[in-house]
$ cat structure02.csv   # CSV, C-alpha atoms
chain,number,residue,atom,x,y,z
A,111,MET,CA,-20.7,6.7,-21.2
A,112,VAL,CA,-18.2,9.4,-21.8
A,113,LYS,CA,-14.4,9.3,-21.4
A,114,GLN,CA,-13.2,11.9,-18.9
A,115,ILE,CA,-9.5,12.8,-18.6
A,116,SER,CA,-8.2,13.7,-15.2
A,117,VAL,CA,-4.8,15.4,-14.8
A,118,PHE,CA,-2.8,15.9,-11.6
A,119,LEU,CA,-1.7,19.5,-11.2
A,120,GLU,CA,0.4,21.1,-8.5
A,121,ASN,CA,-1.2,24.3,-7.1
A,122,LYS,CA,1.3,26.5,-8.9
A,123,GLU,CA,0.8,29.8,-10.8
A,124,GLY,CA,0.4,29.3,-14.5
A,125,ARG,CA,0.1,25.6,-14.5
A,126,LEU,CA,-3.5,25.5,-15.9
A,127,ALA,CA,-2.5,27.9,-18.7
A,128,GLU,CA,0.4,25.6,-19.6
A,129,VAL,CA,-1.7,22.5,-19.7
A,130,THR,CA,-4.5,24.0,-21.7
A,131,LYS,CA,-1.9,25.2,-24.1
A,132,THR,CA,-0.7,21.7,-24.6
A,133,ILE,CA,-4.2,20.7,-25.4
A,134,ALA,CA,-4.8,23.7,-27.7
A,135,ASP,CA,-1.6,23.0,-29.6
A,136,SER,CA,-2.9,19.6,-30.6
A,137,GLY,CA,-6.1,21.0,-31.9
A,138,ILE,CA,-8.2,19.4,-29.2
A,139,ASN,CA,-11.4,21.1,-28.2
A,140,ILE,CA,-12.5,21.1,-24.6
A,141,ARG,CA,-16.2,20.3,-24.2
A,142,ALA,CA,-16.5,20.6,-20.4
A,143,MET,CA,-14.1,20.9,-17.5
A,144,SER,CA,-14.0,21.1,-13.7
A,145,ILE,CA,-11.2,21.5,-11.2
A,146,ALA,CA,-11.1,20.1,-7.8
A,147,ASP,CA,-8.5,22.0,-5.8
A,148,THR,CA,-6.9,21.6,-2.4
A,149,LYS,CA,-4.1,23.7,-0.8
A,150,ASP,CA,-1.3,21.8,-2.5
A,151,PHE,CA,-2.7,20.3,-5.7
A,152,GLY,CA,-5.6,20.2,-8.1
A,153,ILE,CA,-7.3,17.7,-10.3
A,154,LEU,CA,-8.3,18.9,-13.7
A,155,ARG,CA,-11.1,17.0,-15.2
A,156,LEU,CA,-11.8,17.4,-18.9
A,157,ILE,CA,-14.3,16.2,-21.5
A,158,VAL,CA,-12.8,16.7,-24.9
A,159,ASP,CA,-13.6,15.9,-28.5
A,160,ASP,CA,-10.7,13.4,-28.8
A,161,PRO,CA,-10.0,11.8,-25.5
A,162,GLU,CA,-7.4,9.4,-26.8
A,163,LEU,CA,-5.3,12.1,-28.4
A,164,ALA,CA,-5.7,14.3,-25.3
A,165,SER,CA,-4.5,11.6,-23.0
A,166,LYS,CA,-1.5,10.9,-25.3
A,167,VAL,CA,-0.3,14.5,-25.6
A,168,LEU,CA,-0.7,15.1,-21.9
A,169,LYS,CA,1.3,12.0,-21.0
A,170,GLU,CA,3.9,13.1,-23.4
A,171,ALA,CA,4.1,16.4,-21.6
A,172,ASP,CA,5.1,14.4,-18.4
A,173,LEU,CA,1.7,14.8,-16.7
A,174,THR,CA,-0.1,12.1,-14.7
A,175,VAL,CA,-3.3,11.3,-16.5
A,176,ILE,CA,-6.1,8.8,-16.0
A,177,VAL,CA,-9.1,8.2,-18.2
A,178,LYS,CA,-12.4,7.2,-16.5
A,179,ASP,CA,-15.9,6.6,-17.7
A,180,VAL,CA,-18.5,9.2,-16.5
A,181,LEU,CA,-22.1,9.8,-17.3
A,182,ALA,CA,-23.4,12.6,-19.4
A,183,ILE,CA,-27.1,13.3,-19.1
A,184,GLY,CA,-29.5,15.7,-20.7
A,185,ILE,CA,-32.1,17.4,-18.5
A,186,ALA,CA,-34.8,19.9,-19.2
A,187,ASP,CA,-33.5,23.5,-18.9
A,188,GLU,CA,-36.0,24.5,-16.3
A,189,PRO,CA,-36.2,25.0,-12.5
A,190,GLY,CA,-36.3,21.7,-10.6
A,191,SER,CA,-35.1,19.3,-13.2
A,192,LEU,CA,-31.6,18.8,-11.7
A,193,SER,CA,-33.0,18.1,-8.2
A,194,LYS,CA,-35.5,15.6,-9.7
A,195,THR,CA,-32.7,13.8,-11.5
A,196,LEU,CA,-30.5,13.6,-8.4
A,197,ALA,CA,-33.4,12.4,-6.3
A,198,CYS,CA,-33.9,9.4,-8.7
A,199,ILE,CA,-30.2,8.5,-8.4
A,200,GLN,CA,-30.2,8.9,-4.6
A,201,LYS,CA,-33.3,6.7,-4.3
A,202,GLU,CA,-31.3,3.8,-5.8
A,203,ASP,CA,-28.5,4.3,-3.2
A,204,ILE,CA,-26.0,5.4,-5.8
A,205,GLU,CA,-23.4,7.8,-4.6
A,206,ILE,CA,-22.5,10.8,-6.6
A,207,GLU,CA,-18.7,11.4,-6.3
A,208,TYR,CA,-18.9,14.7,-8.1
A,209,MET,CA,-20.6,16.5,-10.9
A,210,TYR,CA,-20.4,19.5,-13.1
A,211,ALA,CA,-22.3,21.2,-15.8
A,212,PHE,CA,-21.5,21.2,-19.5
A,213,LEU,CA,-20.8,24.2,-21.7
A,214,GLY,CA,-23.6,24.4,-24.3
A,215,LYS,CA,-26.7,22.3,-24.9
A,216,CYS,CA,-27.8,19.2,-26.7
A,217,GLU,CA,-31.2,19.2,-28.4
A,218,GLY,CA,-32.4,22.0,-26.1
A,219,LYS,CA,-31.4,20.1,-23.0
A,220,ALA,CA,-28.9,21.2,-20.4
A,221,LEU,CA,-26.0,18.8,-20.0
A,222,VAL,CA,-24.6,17.5,-16.7
A,223,ILE,CA,-21.6,15.3,-16.1
A,224,LEU,CA,-21.9,12.9,-13.2
A,225,LYS,CA,-19.3,10.6,-11.6
A,226,VAL,CA,-21.2,8.0,-9.6
A,227,SER,CA,-20.3,4.9,-7.6
A,228,ASP,CA,-22.0,2.5,-10.0
A,229,ASN,CA,-22.3,3.6,-13.7
A,230,ASP,CA,-24.6,0.7,-14.8
A,231,LYS,CA,-26.9,1.1,-11.9
A,232,ALA,CA,-27.2,4.8,-12.4
A,233,ILE,CA,-27.9,4.4,-16.1
A,234,ALA,CA,-30.7,2.0,-15.3
A,235,ALA,CA,-32.2,4.4,-12.7
A,236,LEU,CA,-32.0,7.4,-15.1
A,237,ASP,CA,-33.5,5.3,-17.9
A,238,LYS,CA,-36.4,4.3,-15.7
A,239,ASN,CA,-37.1,8.0,-15.1
A,240,GLY,CA,-36.9,9.0,-18.7
A,241,ILE,CA,-33.7,11.0,-18.3
A,242,PRO,CA,-31.5,10.5,-21.4
A,243,VAL,CA,-27.9,9.4,-20.9
A,244,ILE,CA,-25.8,10.7,-23.8
A,245,ASP,CA,-23.5,8.5,-25.8
A,246,GLY,CA,-19.8,9.5,-25.8
A,247,GLN,CA,-19.5,9.7,-29.5
A,248,GLU,CA,-22.4,12.1,-29.7
A,249,LEU,CA,-20.9,14.3,-27.1
A,250,TYR,CA,-17.4,14.5,-28.6
A,251,ASN,CA,-19.0,15.6,-31.9
A,252,LEU,CA,-21.3,18.3,-30.5
B,192,MET,CA,21.8,8.5,7.3
B,193,LEU,CA,20.2,11.6,8.7
B,194,ILE,CA,19.7,12.6,12.3
B,195,ILE,CA,16.4,14.4,12.6
B,196,ARG,CA,15.3,15.6,16.1
B,197,GLY,CA,17.8,13.2,17.5
B,198,VAL,CA,16.4,10.2,15.7
B,199,ASN,CA,18.3,8.2,13.1
B,200,VAL,CA,16.5,8.3,9.7
B,201,PHE,CA,17.6,6.2,6.8
B,202,PRO,CA,16.3,7.2,3.3
B,203,SER,CA,15.8,3.5,2.7
B,204,GLN,CA,13.1,3.4,5.4
B,205,ILE,CA,11.2,6.2,3.6
B,206,GLU,CA,11.7,4.4,0.3
B,207,GLY,CA,10.2,1.2,1.9
B,208,VAL,CA,7.1,3.1,3.0
B,209,LEU,CA,6.5,4.6,-0.4
B,210,LEU,CA,7.1,1.3,-2.1
B,211,LYS,CA,4.5,-0.4,0.1
B,212,ILE,CA,1.8,2.2,-0.5
B,213,ALA,CA,2.4,3.1,-4.1
B,214,GLY,CA,3.2,-0.4,-5.3
B,215,THR,CA,6.2,0.9,-7.2
B,216,THR,CA,8.9,3.2,-5.9
B,217,PRO,CA,7.9,6.7,-7.0
B,218,ASN,CA,10.5,9.4,-7.3
B,219,TYR,CA,10.8,11.1,-4.0
B,220,GLN,CA,12.9,13.7,-2.2
B,221,ILE,CA,13.6,14.2,1.4
B,222,ILE,CA,13.9,17.8,2.5
B,223,VAL,CA,15.2,18.6,6.0
B,224,ASN,CA,14.9,22.1,7.4
B,225,ARG,CA,15.4,23.8,10.7
B,226,VAL,CA,12.5,26.0,11.7
B,227,ASP,CA,12.7,27.8,15.1
B,228,ASN,CA,15.5,25.4,16.3
B,229,ARG,CA,13.4,22.4,15.4
B,230,ASP,CA,14.1,20.0,12.6
B,231,THR,CA,11.4,19.4,10.0
B,232,LEU,CA,11.1,16.5,7.6
B,233,GLU,CA,9.2,16.9,4.4
B,234,VAL,CA,8.9,14.1,1.8
B,235,LEU,CA,8.0,15.1,-1.8
B,236,VAL,CA,6.5,12.3,-3.8
B,237,GLU,CA,6.1,12.4,-7.6
B,238,MET,CA,2.5,11.5,-8.6
B,239,SER,CA,2.2,8.3,-10.5
B,240,PRO,CA,-0.8,6.7,-12.3
B,241,GLU,CA,-0.8,4.0,-9.6
B,242,ILE,CA,-1.8,6.4,-6.8
B,243,PHE,CA,-3.5,9.1,-8.9
B,244,SER,CA,-7.3,9.4,-8.8
B,245,ASP,CA,-10.0,11.7,-10.2
B,246,GLU,CA,-11.2,12.1,-6.6
B,247,VAL,CA,-9.5,14.4,-4.1
B,248,ARG,CA,-10.4,12.2,-1.2
B,249,ARG,CA,-8.6,9.2,-2.6
B,250,ILE,CA,-5.4,11.2,-3.1
B,251,GLU,CA,-5.7,12.6,0.4
B,252,ASP,CA,-6.2,9.0,1.6
B,253,VAL,CA,-2.8,8.0,0.0
B,254,GLU,CA,-1.2,11.0,1.7
B,255,ARG,CA,-2.6,10.1,5.1
B,256,LYS,CA,-1.5,6.5,4.7
B,257,ILE,CA,2.1,7.6,3.8
B,258,LEU,CA,2.1,10.0,6.8
B,259,SER,CA,0.9,7.4,9.3
B,260,LYS,CA,3.3,4.8,8.0
B,261,LEU,CA,6.2,7.2,8.2
B,262,ASP,CA,5.3,8.0,11.7
B,263,THR,CA,5.3,4.3,12.7
B,264,VAL,CA,8.5,3.4,10.9
B,265,LEU,CA,10.6,6.5,11.7
B,266,GLY,CA,9.1,7.5,15.0
B,267,ILE,CA,9.0,11.1,14.1
B,268,SER,CA,6.3,13.1,12.3
B,269,ALA,CA,6.8,14.2,8.7
B,270,LYS,CA,5.0,16.2,6.0
B,271,VAL,CA,4.1,14.7,2.7
B,272,ARG,CA,3.5,16.7,-0.5
B,273,MET,CA,2.5,15.2,-3.9
B,274,VAL,CA,4.3,16.8,-6.8
B,275,GLU,CA,4.0,16.5,-10.6
B,276,PRO,CA,6.2,13.9,-12.4
B,277,LYS,CA,9.7,15.0,-13.4
B,278,THR,CA,9.7,17.9,-11.0
B,279,ILE,CA,12.3,16.5,-8.7
B,280,ALA,CA,15.7,17.6,-9.9
B,281,ARG,CA,17.9,14.8,-11.3
B,282,SER,CA,21.6,14.7,-11.6
B,283,GLU,CA,23.1,12.2,-14.0
B,284,GLY,CA,19.7,10.6,-14.4
B,285,LYS,CA,19.4,9.9,-10.6
B,286,ALA,CA,17.2,12.0,-8.4
B,287,LYS,CA,18.9,13.8,-5.6
B,288,ARG,CA,17.3,12.0,-2.7
B,289,VAL,CA,18.2,14.2,0.3
B,290,ILE,CA,18.3,18.0,0.6
B,291,ASP,CA,19.5,19.0,4.0
B,292,ASN,CA,19.1,22.7,4.5
B,293,ARG,CA,20.1,22.8,8.2
B,294,LYS,CA,23.0,25.0,9.1
B,295,ILE,CA,24.6,23.5,12.1

$ encode --input "structure02.csv" --output "structure tokens"
Amino acid sequence: MVKQISVFLENKEGRLAEVTKTIADSGINIRAMSIADTKDFGILRLIVDDPELASKVLKEADLTVIVKDVLAIGIADEPGSLSKTLACIQKEDIEIEYMYAFLGKCEGKALVILKVSDNDKAIAALDKNGIPVIDGQELYNL
Amino acid sequence: MLIIRGVNVFPSQIEGVLLKIAGTTPNYQIIVNRVDNRDTLEVLVEMSPEIFSDEVRRIEDVERKILSKLDTVLGISAKVRMVEPKTIARSEGKAKRVIDNRKI
């Protein structure tokens, strides 16, 4: 599993630039990110090369931060492979809370981050269907 | 005490609602305005790790809970807005709890 950092942001001009600068100033590299936004606030979700340090510096910058385990999977970079993957998760009655794609590839595979209702169950389902779940350490070091 | 739309509102009532839902008392601020001759009540709540989530719907759930509880306790409707920590102005270390912008 991979550590994902979520940060609460008010929907204000320049906020994202400030937060990414905090991360940049600590020499942390962002591996993947997604933003969920509403009218008043946003949730910035980050996969970085050093989750512990990132969480520390963001907290020191007075931000609300939580760290959660999410799944990173590698799927074939061809039409239909994502829909096949999602179908095998859905078959096991696992809910996908959200997902986003990764910047870059790992061993020729396209990378996807998944937040599901039950990590262990999802790993078992993916395993059964031959879809590799990528280890956190491997991902941070990409 | 504030009188909003003819109803007595005590900041401690609002604090009680926030304590109940957030588990701890978050920093908050009560903003009263008058729009088109009608009082409006807005409560700003600083986001804390206890109520934060990586999922939008969970944060919106918290907002809804605060709203409905405020409605029950105060008897008037309010607006709730989650803000980032340390964004509510403090004077002498204490947050200014009430900002009443009404000109009567």

$ closest_atom_pairs --input "structure02.csv" --of "chain B" --to "chain A" --cutoff "9 Å" --atoms "only C-alpha atoms" --output "Markdown table"
| residue | atom | partner | partner_atom | distance |
| --- | --- | --- | --- | --- |
| B:Met238 | CA | A:Thr174 | CA | 6.7 |
| B:Ser239 | CA | A:Thr174 | CA | 6.1 |
| B:Pro240 | CA | A:Thr174 | CA | 6.0 |
| B:Phe243 | CA | A:Phe118 | CA | 7.3 |
| B:Ser244 | CA | A:Ile176 | CA | 7.3 |
| B:Asp245 | CA | A:Ser116 | CA | 5.7 |
| B:Glu246 | CA | A:Glu207 | CA | 7.5 |
| B:Val247 | CA | A:Ala146 | CA | 7.0 |
| B:Arg272 | CA | A:Asp150 | CA | 7.3 |
| B:Met273 | CA | A:Phe151 | CA | 7.5 |
| B:Val274 | CA | A:Glu120 | CA | 6.0 |
| B:Glu275 | CA | A:Glu120 | CA | 6.2 |
| B:Pro276 | CA | A:Asp172 | CA | 6.1 |
| B:Lys277 | CA | A:Asp172 | CA | 6.8 |

$ atom_distance --input "structure02.csv" --atom1 "atom CA of B:Pro202" --atom2 "atom CA of A:Lys169"
29.0 Å

$ closest_residue --input "structure02.csv" --among "A:Gly246, A:Gly124, A:Gly137, A:Gly218" --to "A:Gly184" --atoms "all atoms listed in the file"
A:Gly218

$ atom_distance --input "structure02.csv" --atom1 "atom CA of A:Ala232" --atom2 "atom CA of A:Ile199"
6.2 Å

$ atom_distance --input "structure02.csv" --atom1 "atom CA of A:Ala182" --atom2 "atom CA of A:Asn239"
15.1 Å

$ closest_residue --input "structure02.csv" --among "B:Ile195, B:Ile205, B:Leu265, B:Leu235" --to "B:Val223" --atoms "only C-alpha atoms"
B:Ile195

$ residues_around --input "structure02.csv" --residues "B:Val234" --least-positions-apart "2" --cutoff "8 Å" --atoms "only C-alpha atoms" --output "JSON list (two decimals) with C-alpha atoms, in the coordinates of the input"
[["chain", "number", "residue", "atom", "x", "y", "z"],
["B", 219, "TYR", "CA", 10.80, 11.10, -4.00],
["B", 220, "GLN", "CA", 12.90, 13.70, -2.20],
["B", 221, "ILE", "CA", 13.60, 14.20, 1.40],
["B", 222, "ILE", "CA", 13.90, 17.80, 2.50],
["B", 232, "LEU", "CA", 11.10, 16.50, 7.60],
["B", 236, "VAL", "CA", 6.50, 12.30, -3.80],
["B", 269, "ALA", "CA", 6.80, 14.20, 8.70],
["B", 270, "LYS", "CA", 5.00, 16.20, 6.00],
["B", 271, "VAL", "CA", 4.10, 14.70, 2.70],
["B", 272, "ARG", "CA", 3.50, 16.70, -0.50]]

$ residues_around --input "structure02.csv" --residues "B:Arg293" --least-positions-apart "5" --cutoff "9 Å" --atoms "only C-alpha atoms" --output "JSON, numbers by chain"
{"B": [223, 224, 225, 226, 230]}

$ closest_residue --input "structure02.csv" --among "A:Asp228, A:Glu205, A:Asp159, A:Asp135" --to "A:Gln247" --atoms "only C-alpha atoms"
A:Asp159

$ closest_residue --input "structure02.csv" --among "B:Thr215, B:Lys256, B:Val264, B:Arg229" --to "B:Ser203" --atoms "only C-alpha atoms"
B:Val264

$ closest_residue --input "structure02.csv" --among "A:Glu170, A:Asp160, A:Asp203, A:Asp245" --to "A:Val129" --atoms "only C-alpha atoms"
A:Glu170

$ residues_around --input "structure02.csv" --residues "B:Glu241" --least-positions-apart "6" --cutoff "12 Å" --atoms "all atoms listed in the file" --output "list of chain:residue names"
A:Thr174, A:Val175, A:Ile176, B:Leu209, B:Leu210, B:Lys211, B:Ile212, B:Ala213, B:Gly214, B:Thr215, B:Thr216, B:Pro217, B:Arg249, B:Ile250, B:Val253

$ residues_around --input "structure02.csv" --residues "A:Ile206" --least-positions-apart "4" --cutoff "8 Å" --atoms "only C-alpha atoms" --output "PDB file with C-alpha atoms, in the frame of the given file"
ATOM      1  CA  LEU A 224     -21.900  12.900 -13.200  1.00  0.00           C
ATOM      2  CA  LYS A 225     -19.300  10.600 -11.600  1.00  0.00           C
ATOM      3  CA  VAL A 226     -21.200   8.000  -9.600  1.00  0.00           C
ATOM      4  CA  SER A 227     -20.300   4.900  -7.600  1.00  0.00           C
TER       5      SER A 227
END

$ decode --input "structure02.csv" --residues "stretch 157-188 of chain A" --atoms "N, CA and C atoms" --output "tab-separated table (two decimals), in the first residue's frame"
chain	number	residue	atom	x	y	z
A	157	ILE	N	0.72	11.95	-3.57
A	157	ILE	CA	1.64	10.84	-3.36
A	157	ILE	C	3.03	11.45	-3.59
A	158	VAL	N	3.89	11.34	-2.58
A	158	VAL	CA	5.20	11.98	-2.68
A	158	VAL	C	6.30	10.96	-2.38
A	159	ASP	N	7.55	11.36	-2.64
A	159	ASP	CA	8.64	10.41	-2.42
A	159	ASP	C	8.99	10.26	-0.93
A	160	ASP	N	8.57	11.21	-0.09
A	160	ASP	CA	8.84	11.08	1.34
A	160	ASP	C	7.59	11.53	2.13
A	161	PRO	N	6.63	10.61	2.31
A	161	PRO	CA	5.36	10.99	2.94
A	161	PRO	C	5.51	11.53	4.35
A	162	GLU	N	6.45	10.96	5.12
A	162	GLU	CA	6.60	11.39	6.50
A	162	GLU	C	7.04	12.85	6.60
A	163	LEU	N	8.05	13.17	5.78
A	163	LEU	CA	8.56	14.55	5.77
A	163	LEU	C	7.49	15.51	5.27
A	164	ALA	N	6.78	15.10	4.23
A	164	ALA	CA	5.75	15.97	3.65
A	164	ALA	C	4.67	16.27	4.69
A	165	SER	N	4.23	15.24	5.41
A	165	SER	CA	3.20	15.43	6.41
A	165	SER	C	3.69	16.38	7.51
A	166	LYS	N	4.97	16.23	7.88
A	166	LYS	CA	5.55	17.06	8.93
A	166	LYS	C	5.61	18.54	8.49
A	167	VAL	N	6.14	18.79	7.30
A	167	VAL	CA	6.30	20.20	6.90
A	167	VAL	C	4.94	20.86	6.65
A	168	LEU	N	3.97	20.09	6.18
A	168	LEU	CA	2.66	20.68	5.93
A	168	LEU	C	1.96	21.01	7.25
A	169	LYS	N	2.14	20.13	8.24
A	169	LYS	CA	1.57	20.41	9.56
A	169	LYS	C	2.23	21.63	10.18
A	170	GLU	N	3.54	21.73	9.99
A	170	GLU	CA	4.26	22.89	10.52
A	170	GLU	C	3.80	24.19	9.86
A	171	ALA	N	3.27	24.05	8.63
A	171	ALA	CA	2.76	25.23	7.93
A	171	ALA	C	1.29	25.49	8.31
A	172	ASP	N	0.85	24.90	9.45
A	172	ASP	CA	-0.50	25.11	9.97
A	172	ASP	C	-1.61	24.58	9.08
A	173	LEU	N	-1.33	23.51	8.34
A	173	LEU	CA	-2.38	22.94	7.50
A	173	LEU	C	-2.95	21.69	8.19
A	174	THR	N	-4.19	21.37	7.85
A	174	THR	CA	-4.78	20.13	8.36
A	174	THR	C	-4.41	19.01	7.39
A	175	VAL	N	-3.74	18.00	7.93
A	175	VAL	CA	-3.19	16.94	7.09
A	175	VAL	C	-3.62	15.58	7.65
A	176	ILE	N	-4.02	14.68	6.78
A	176	ILE	CA	-4.17	13.29	7.22
A	176	ILE	C	-3.45	12.36	6.24
A	177	VAL	N	-2.95	11.25	6.78
A	177	VAL	CA	-2.24	10.28	5.95
A	177	VAL	C	-3.06	8.99	5.94
A	178	LYS	N	-3.32	8.50	4.75
A	178	LYS	CA	-4.13	7.28	4.61
A	178	LYS	C	-3.46	6.32	3.64
A	179	ASP	N	-3.76	5.03	3.82
A	179	ASP	CA	-3.24	4.03	2.87
A	179	ASP	C	-4.15	3.94	1.66
A	180	VAL	N	-3.56	4.00	0.49
A	180	VAL	CA	-4.32	3.78	-0.75
A	180	VAL	C	-3.58	2.72	-1.57
A	181	LEU	N	-4.22	2.27	-2.61
A	181	LEU	CA	-3.61	1.24	-3.45
A	181	LEU	C	-3.04	1.85	-4.72
A	182	ALA	N	-1.87	1.39	-5.11
A	182	ALA	CA	-1.32	1.76	-6.41
A	182	ALA	C	-1.24	0.49	-7.23
A	183	ILE	N	-1.79	0.54	-8.41
A	183	ILE	CA	-1.75	-0.67	-9.24
A	183	ILE	C	-1.16	-0.34	-10.61
A	184	GLY	N	-0.57	-1.34	-11.21
A	184	GLY	CA	-0.02	-1.17	-12.56
A	184	GLY	C	-0.89	-1.93	-13.54
A	185	ILE	N	-1.38	-1.25	-14.55
A	185	ILE	CA	-2.21	-1.94	-15.55
A	185	ILE	C	-1.62	-1.73	-16.93
A	186	ALA	N	-1.92	-2.65	-17.84
A	186	ALA	CA	-1.39	-2.56	-19.20
A	186	ALA	C	-1.84	-1.24	-19.83
A	187	ASP	N	-0.92	-0.58	-20.55
A	187	ASP	CA	-1.23	0.70	-21.16
A	187	ASP	C	-1.90	0.46	-22.52
A	188	GLU	N	-3.13	-0.03	-22.46
A	188	GLU	CA	-3.86	-0.32	-23.71
A	188	GLU	C	-5.35	-0.18	-23.45
